[in-house]
Amino acid sequence: MIKINEVKATEIVKTKLRKFREVAFAENDIRIQNALIDGDVTAKTKAVSYRDYLRDLPANCDEKSVKELKSIVDTGLLDYDGFSLH
């Protein structure tokens, strides 16, 4: 029987999420700046909400099963266009 080290699995997923966030944060910072320049309150609100989503991603891995971690990586990463405010 193979036993998966859940602590190690969590760290692997957090590392993947941090790499994803590096690019996503940079792109989103530009969206926030453009919204501020244009005075677009709706775009600013969406971009700030996406920033908060990105910031919380690694913390969402704590105390998750391996199956839940896999789900986060496979379906939990939302790009900006797939992000909703709900």
# chains A, B, ... in the order shown; residues from 1 in each chain; ligands from 1
>>> residues_around(residues="range 57-61 of chain A", least_positions_apart="6", cutoff="7 Å", atoms="only C-alpha atoms", output="PyMOL selection string")
chain A and resi 10+14+17+69
>>> residues_around(residues="Ala9 in chain A", least_positions_apart="3", cutoff="10 Å", atoms="only C-alpha atoms", output="PDB file with C-alpha atoms, in the first residue's frame")
ATOM      1  CA  ILE A   4       1.101   9.742   0.512  1.00  0.00           C
ATOM      2  CA  ASN A   5       2.779  12.234   2.807  1.00  0.00           C
ATOM      3  CA  GLU A   6       0.078  14.876   3.124  1.00  0.00           C
ATOM      4  CA  ILE A  12       4.243  20.859  -3.358  1.00  0.00           C
ATOM      5  CA  VAL A  13       0.836  22.356  -4.137  1.00  0.00           C
ATOM      6  CA  LYS A  14       1.694  25.605  -2.333  1.00  0.00           C
ATOM      7  CA  THR A  15       4.888  25.874  -4.407  1.00  0.00           C
ATOM      8  CA  CYS A  61      -4.329  24.417   1.079  1.00  0.00           C
ATOM      9  CA  LYS A  64      -6.848  19.661   2.934  1.00  0.00           C
ATOM     10  CA  SER A  65      -6.778  16.036   1.837  1.00  0.00           C
ATOM     11  CA  VAL A  66      -4.655  14.955  -1.109  1.00  0.00           C
ATOM     12  CA  LEU A  69      -5.306  19.492  -3.083  1.00  0.00           C
ATOM     13  CA  LYS A  70      -5.462  17.868  -6.504  1.00  0.00           C
TER      14      LYS A  70
END
>>> closest_residue(among="A:Leu54, A:Ile72, A:Thr45, A:Asp62", to="Lys19 in chain A", atoms="only C-alpha atoms")
A:Leu54
>>> atom_distance(atom1="CA of Leu36 in chain A", atom2="CA of Gly82 in chain A")
21.7 Å
>>> closest_residue(among="A:Ile30, A:Tyr50, A:Thr42, A:Ser71", to="Phe83 in chain A", atoms="only C-alpha atoms")
A:Tyr50
>>> select_by_dssp(residues="range 1-84 of chain A", states="alpha helix (DSSP H)", output="PyMOL selection string")
chain A and resi 6-38+41-56+66-75
>>> write_last_selection(atoms="C-alpha atoms", output="PDB file, in the first residue's frame")
ATOM      1  CA  GLU A   6       0.078  14.876   3.124  1.00  0.00           C
ATOM      2  CA  VAL A   7       2.444  17.498   4.559  1.00  0.00           C
ATOM      3  CA  LYS A   8       4.781  17.114   1.577  1.00  0.00           C
ATOM      4  CA  ALA A   9       1.830  17.137  -0.840  1.00  0.00           C
ATOM      5  CA  THR A  10       0.591  20.380   0.689  1.00  0.00           C
ATOM      6  CA  GLU A  11       4.011  21.998   0.277  1.00  0.00           C
ATOM      7  CA  ILE A  12       4.243  20.859  -3.358  1.00  0.00           C
ATOM      8  CA  VAL A  13       0.836  22.356  -4.137  1.00  0.00           C
ATOM      9  CA  LYS A  14       1.694  25.605  -2.333  1.00  0.00           C
ATOM     10  CA  THR A  15       4.888  25.874  -4.407  1.00  0.00           C
ATOM     11  CA  LYS A  16       2.896  25.412  -7.633  1.00  0.00           C
ATOM     12  CA  LEU A  17       0.394  28.042  -6.520  1.00  0.00           C
ATOM     13  CA  ARG A  18       3.142  30.525  -5.683  1.00  0.00           C
ATOM     14  CA  LYS A  19       4.638  30.116  -9.175  1.00  0.00           C
ATOM     15  CA  PHE A  20       1.207  30.661 -10.724  1.00  0.00           C
ATOM     16  CA  ARG A  21       0.692  33.761  -8.565  1.00  0.00           C
ATOM     17  CA  GLU A  22       3.972  35.415  -9.617  1.00  0.00           C
ATOM     18  CA  VAL A  23       2.744  35.925 -13.167  1.00  0.00           C
ATOM     19  CA  ALA A  24      -0.877  36.509 -12.191  1.00  0.00           C
ATOM     20  CA  PHE A  25       0.029  39.218  -9.650  1.00  0.00           C
ATOM     21  CA  ALA A  26       2.147  41.089 -12.203  1.00  0.00           C
ATOM     22  CA  GLU A  27      -0.618  41.002 -14.820  1.00  0.00           C
ATOM     23  CA  ASN A  28      -3.258  41.999 -12.289  1.00  0.00           C
ATOM     24  CA  ASP A  29      -1.208  44.934 -10.975  1.00  0.00           C
ATOM     25  CA  ILE A  30      -1.353  46.383 -14.489  1.00  0.00           C
ATOM     26  CA  ARG A  31      -5.138  45.921 -14.542  1.00  0.00           C
ATOM     27  CA  ILE A  32      -5.444  47.762 -11.231  1.00  0.00           C
ATOM     28  CA  GLN A  33      -3.238  50.624 -12.460  1.00  0.00           C
ATOM     29  CA  ASN A  34      -5.206  50.936 -15.704  1.00  0.00           C
ATOM     30  CA  ALA A  35      -8.508  50.945 -13.828  1.00  0.00           C
ATOM     31  CA  LEU A  36      -7.232  53.698 -11.534  1.00  0.00           C
ATOM     32  CA  ILE A  37      -5.993  55.765 -14.475  1.00  0.00           C
ATOM     33  CA  ASP A  38      -9.254  55.288 -16.375  1.00  0.00           C
ATOM     34  CA  VAL A  41     -14.580  51.526 -10.554  1.00  0.00           C
ATOM     35  CA  THR A  42     -16.007  48.201 -11.773  1.00  0.00           C
ATOM     36  CA  ALA A  43     -12.694  47.061 -13.296  1.00  0.00           C
ATOM     37  CA  LYS A  44     -10.830  48.180 -10.173  1.00  0.00           C
ATOM     38  CA  THR A  45     -13.199  46.246  -7.909  1.00  0.00           C
ATOM     39  CA  LYS A  46     -12.838  43.087  -9.995  1.00  0.00           C
ATOM     40  CA  ALA A  47      -9.031  43.384 -10.131  1.00  0.00           C
ATOM     41  CA  VAL A  48      -8.741  43.999  -6.386  1.00  0.00           C
ATOM     42  CA  SER A  49     -11.010  41.004  -5.676  1.00  0.00           C
ATOM     43  CA  TYR A  50      -8.829  38.848  -7.949  1.00  0.00           C
ATOM     44  CA  ARG A  51      -5.729  40.085  -6.112  1.00  0.00           C
ATOM     45  CA  ASP A  52      -7.308  39.004  -2.826  1.00  0.00           C
ATOM     46  CA  TYR A  53      -8.169  35.596  -4.342  1.00  0.00           C
ATOM     47  CA  LEU A  54      -4.536  35.154  -5.438  1.00  0.00           C
ATOM     48  CA  ARG A  55      -3.211  36.209  -2.050  1.00  0.00           C
ATOM     49  CA  ASP A  56      -5.350  33.616  -0.246  1.00  0.00           C
ATOM     50  CA  VAL A  66      -4.655  14.955  -1.109  1.00  0.00           C
ATOM     51  CA  LYS A  67      -7.819  14.670  -3.199  1.00  0.00           C
ATOM     52  CA  GLU A  68      -8.819  18.243  -2.296  1.00  0.00           C
ATOM     53  CA  LEU A  69      -5.306  19.492  -3.083  1.00  0.00           C
ATOM     54  CA  LYS A  70      -5.462  17.868  -6.504  1.00  0.00           C
ATOM     55  CA  SER A  71      -8.805  19.545  -7.100  1.00  0.00           C
ATOM     56  CA  ILE A  72      -7.337  22.949  -6.182  1.00  0.00           C
ATOM     57  CA  VAL A  73      -4.545  22.531  -8.716  1.00  0.00           C
ATOM     58  CA  ASP A  74      -6.745  21.033 -11.449  1.00  0.00           C
ATOM     59  CA  THR A  75      -9.779  23.287 -11.190  1.00  0.00           C
TER      60      THR A  75
END
>>> decode(residues="chain A", atoms="C-alpha atoms", output="PDB file, in the first residue's frame")
ATOM      1  CA  MET A   1       0.000   0.000   0.000  1.00  0.00           C
ATOM      2  CA  ILE A   2       1.315   3.407  -0.938  1.00  0.00           C
ATOM      3  CA  LYS A   3       0.951   6.133   1.672  1.00  0.00           C
ATOM      4  CA  ILE A   4       1.101   9.742   0.512  1.00  0.00           C
ATOM      5  CA  ASN A   5       2.779  12.234   2.807  1.00  0.00           C
ATOM      6  CA  GLU A   6       0.078  14.876   3.124  1.00  0.00           C
ATOM      7  CA  VAL A   7       2.444  17.498   4.559  1.00  0.00           C
ATOM      8  CA  LYS A   8       4.781  17.114   1.577  1.00  0.00           C
ATOM      9  CA  ALA A   9       1.830  17.137  -0.840  1.00  0.00           C
ATOM     10  CA  THR A  10       0.591  20.380   0.689  1.00  0.00           C
ATOM     11  CA  GLU A  11       4.011  21.998   0.277  1.00  0.00           C
ATOM     12  CA  ILE A  12       4.243  20.859  -3.358  1.00  0.00           C
ATOM     13  CA  VAL A  13       0.836  22.356  -4.137  1.00  0.00           C
ATOM     14  CA  LYS A  14       1.694  25.605  -2.333  1.00  0.00           C
ATOM     15  CA  THR A  15       4.888  25.874  -4.407  1.00  0.00           C
ATOM     16  CA  LYS A  16       2.896  25.412  -7.633  1.00  0.00           C
ATOM     17  CA  LEU A  17       0.394  28.042  -6.520  1.00  0.00           C
ATOM     18  CA  ARG A  18       3.142  30.525  -5.683  1.00  0.00           C
ATOM     19  CA  LYS A  19       4.638  30.116  -9.175  1.00  0.00           C
ATOM     20  CA  PHE A  20       1.207  30.661 -10.724  1.00  0.00           C
ATOM     21  CA  ARG A  21       0.692  33.761  -8.565  1.00  0.00           C
ATOM     22  CA  GLU A  22       3.972  35.415  -9.617  1.00  0.00           C
ATOM     23  CA  VAL A  23       2.744  35.925 -13.167  1.00  0.00           C
ATOM     24  CA  ALA A  24      -0.877  36.509 -12.191  1.00  0.00           C
ATOM     25  CA  PHE A  25       0.029  39.218  -9.650  1.00  0.00           C
ATOM     26  CA  ALA A  26       2.147  41.089 -12.203  1.00  0.00           C
ATOM     27  CA  GLU A  27      -0.618  41.002 -14.820  1.00  0.00           C
ATOM     28  CA  ASN A  28      -3.258  41.999 -12.289  1.00  0.00           C
ATOM     29  CA  ASP A  29      -1.208  44.934 -10.975  1.00  0.00           C
ATOM     30  CA  ILE A  30      -1.353  46.383 -14.489  1.00  0.00           C
ATOM     31  CA  ARG A  31      -5.138  45.921 -14.542  1.00  0.00           C
ATOM     32  CA  ILE A  32      -5.444  47.762 -11.231  1.00  0.00           C
ATOM     33  CA  GLN A  33      -3.238  50.624 -12.460  1.00  0.00           C
ATOM     34  CA  ASN A  34      -5.206  50.936 -15.704  1.00  0.00           C
ATOM     35  CA  ALA A  35      -8.508  50.945 -13.828  1.00  0.00           C
ATOM     36  CA  LEU A  36      -7.232  53.698 -11.534  1.00  0.00           C
ATOM     37  CA  ILE A  37      -5.993  55.765 -14.475  1.00  0.00           C
ATOM     38  CA  ASP A  38      -9.254  55.288 -16.375  1.00  0.00           C
ATOM     39  CA  GLY A  39     -11.421  55.825 -13.294  1.00  0.00           C
ATOM     40  CA  ASP A  40     -13.182  52.509 -13.951  1.00  0.00           C
ATOM     41  CA  VAL A  41     -14.580  51.526 -10.554  1.00  0.00           C
ATOM     42  CA  THR A  42     -16.007  48.201 -11.773  1.00  0.00           C
ATOM     43  CA  ALA A  43     -12.694  47.061 -13.296  1.00  0.00           C
ATOM     44  CA  LYS A  44     -10.830  48.180 -10.173  1.00  0.00           C
ATOM     45  CA  THR A  45     -13.199  46.246  -7.909  1.00  0.00           C
ATOM     46  CA  LYS A  46     -12.838  43.087  -9.995  1.00  0.00           C
ATOM     47  CA  ALA A  47      -9.031  43.384 -10.131  1.00  0.00           C
ATOM     48  CA  VAL A  48      -8.741  43.999  -6.386  1.00  0.00           C
ATOM     49  CA  SER A  49     -11.010  41.004  -5.676  1.00  0.00           C
ATOM     50  CA  TYR A  50      -8.829  38.848  -7.949  1.00  0.00           C
ATOM     51  CA  ARG A  51      -5.729  40.085  -6.112  1.00  0.00           C
ATOM     52  CA  ASP A  52      -7.308  39.004  -2.826  1.00  0.00           C
ATOM     53  CA  TYR A  53      -8.169  35.596  -4.342  1.00  0.00           C
ATOM     54  CA  LEU A  54      -4.536  35.154  -5.438  1.00  0.00           C
ATOM     55  CA  ARG A  55      -3.211  36.209  -2.050  1.00  0.00           C
ATOM     56  CA  ASP A  56      -5.350  33.616  -0.246  1.00  0.00           C
ATOM     57  CA  LEU A  57      -4.570  30.651  -2.520  1.00  0.00           C
ATOM     58  CA  PRO A  58      -1.738  29.048  -0.501  1.00  0.00           C
ATOM     59  CA  ALA A  59      -3.610  29.416   2.791  1.00  0.00           C
ATOM     60  CA  ASN A  60      -6.539  27.540   1.255  1.00  0.00           C
ATOM     61  CA  CYS A  61      -4.329  24.417   1.079  1.00  0.00           C
ATOM     62  CA  ASP A  62      -3.958  24.014   4.808  1.00  0.00           C
ATOM     63  CA  GLU A  63      -5.729  21.015   6.319  1.00  0.00           C
ATOM     64  CA  LYS A  64      -6.848  19.661   2.934  1.00  0.00           C
ATOM     65  CA  SER A  65      -6.778  16.036   1.837  1.00  0.00           C
ATOM     66  CA  VAL A  66      -4.655  14.955  -1.109  1.00  0.00           C
ATOM     67  CA  LYS A  67      -7.819  14.670  -3.199  1.00  0.00           C
ATOM     68  CA  GLU A  68      -8.819  18.243  -2.296  1.00  0.00           C
ATOM     69  CA  LEU A  69      -5.306  19.492  -3.083  1.00  0.00           C
ATOM     70  CA  LYS A  70      -5.462  17.868  -6.504  1.00  0.00           C
ATOM     71  CA  SER A  71      -8.805  19.545  -7.100  1.00  0.00           C
ATOM     72  CA  ILE A  72      -7.337  22.949  -6.182  1.00  0.00           C
ATOM     73  CA  VAL A  73      -4.545  22.531  -8.716  1.00  0.00           C
ATOM     74  CA  ASP A  74      -6.745  21.033 -11.449  1.00  0.00           C
ATOM     75  CA  THR A  75      -9.779  23.287 -11.190  1.00  0.00           C
ATOM     76  CA  GLY A  76      -9.178  25.807  -8.416  1.00  0.00           C
ATOM     77  CA  LEU A  77      -6.848  28.118 -10.306  1.00  0.00           C
ATOM     78  CA  LEU A  78      -8.922  30.762 -11.965  1.00  0.00           C
ATOM     79  CA  ASP A  79      -7.505  33.102 -14.509  1.00  0.00           C
ATOM     80  CA  TYR A  80      -8.744  36.662 -14.552  1.00  0.00           C
ATOM     81  CA  ASP A  81     -11.387  36.049 -17.215  1.00  0.00           C
ATOM     82  CA  GLY A  82     -12.716  33.008 -15.346  1.00  0.00           C
ATOM     83  CA  PHE A  83     -12.814  34.829 -12.050  1.00  0.00           C
ATOM     84  CA  SER A  84     -16.201  35.880 -10.805  1.00  0.00           C
ATOM     85  CA  LEU A  85     -17.107  38.096  -7.905  1.00  0.00           C
ATOM     86  CA  HIS A  86     -19.572  35.564  -6.460  1.00  0.00           C
TER      87      HIS A  86
END
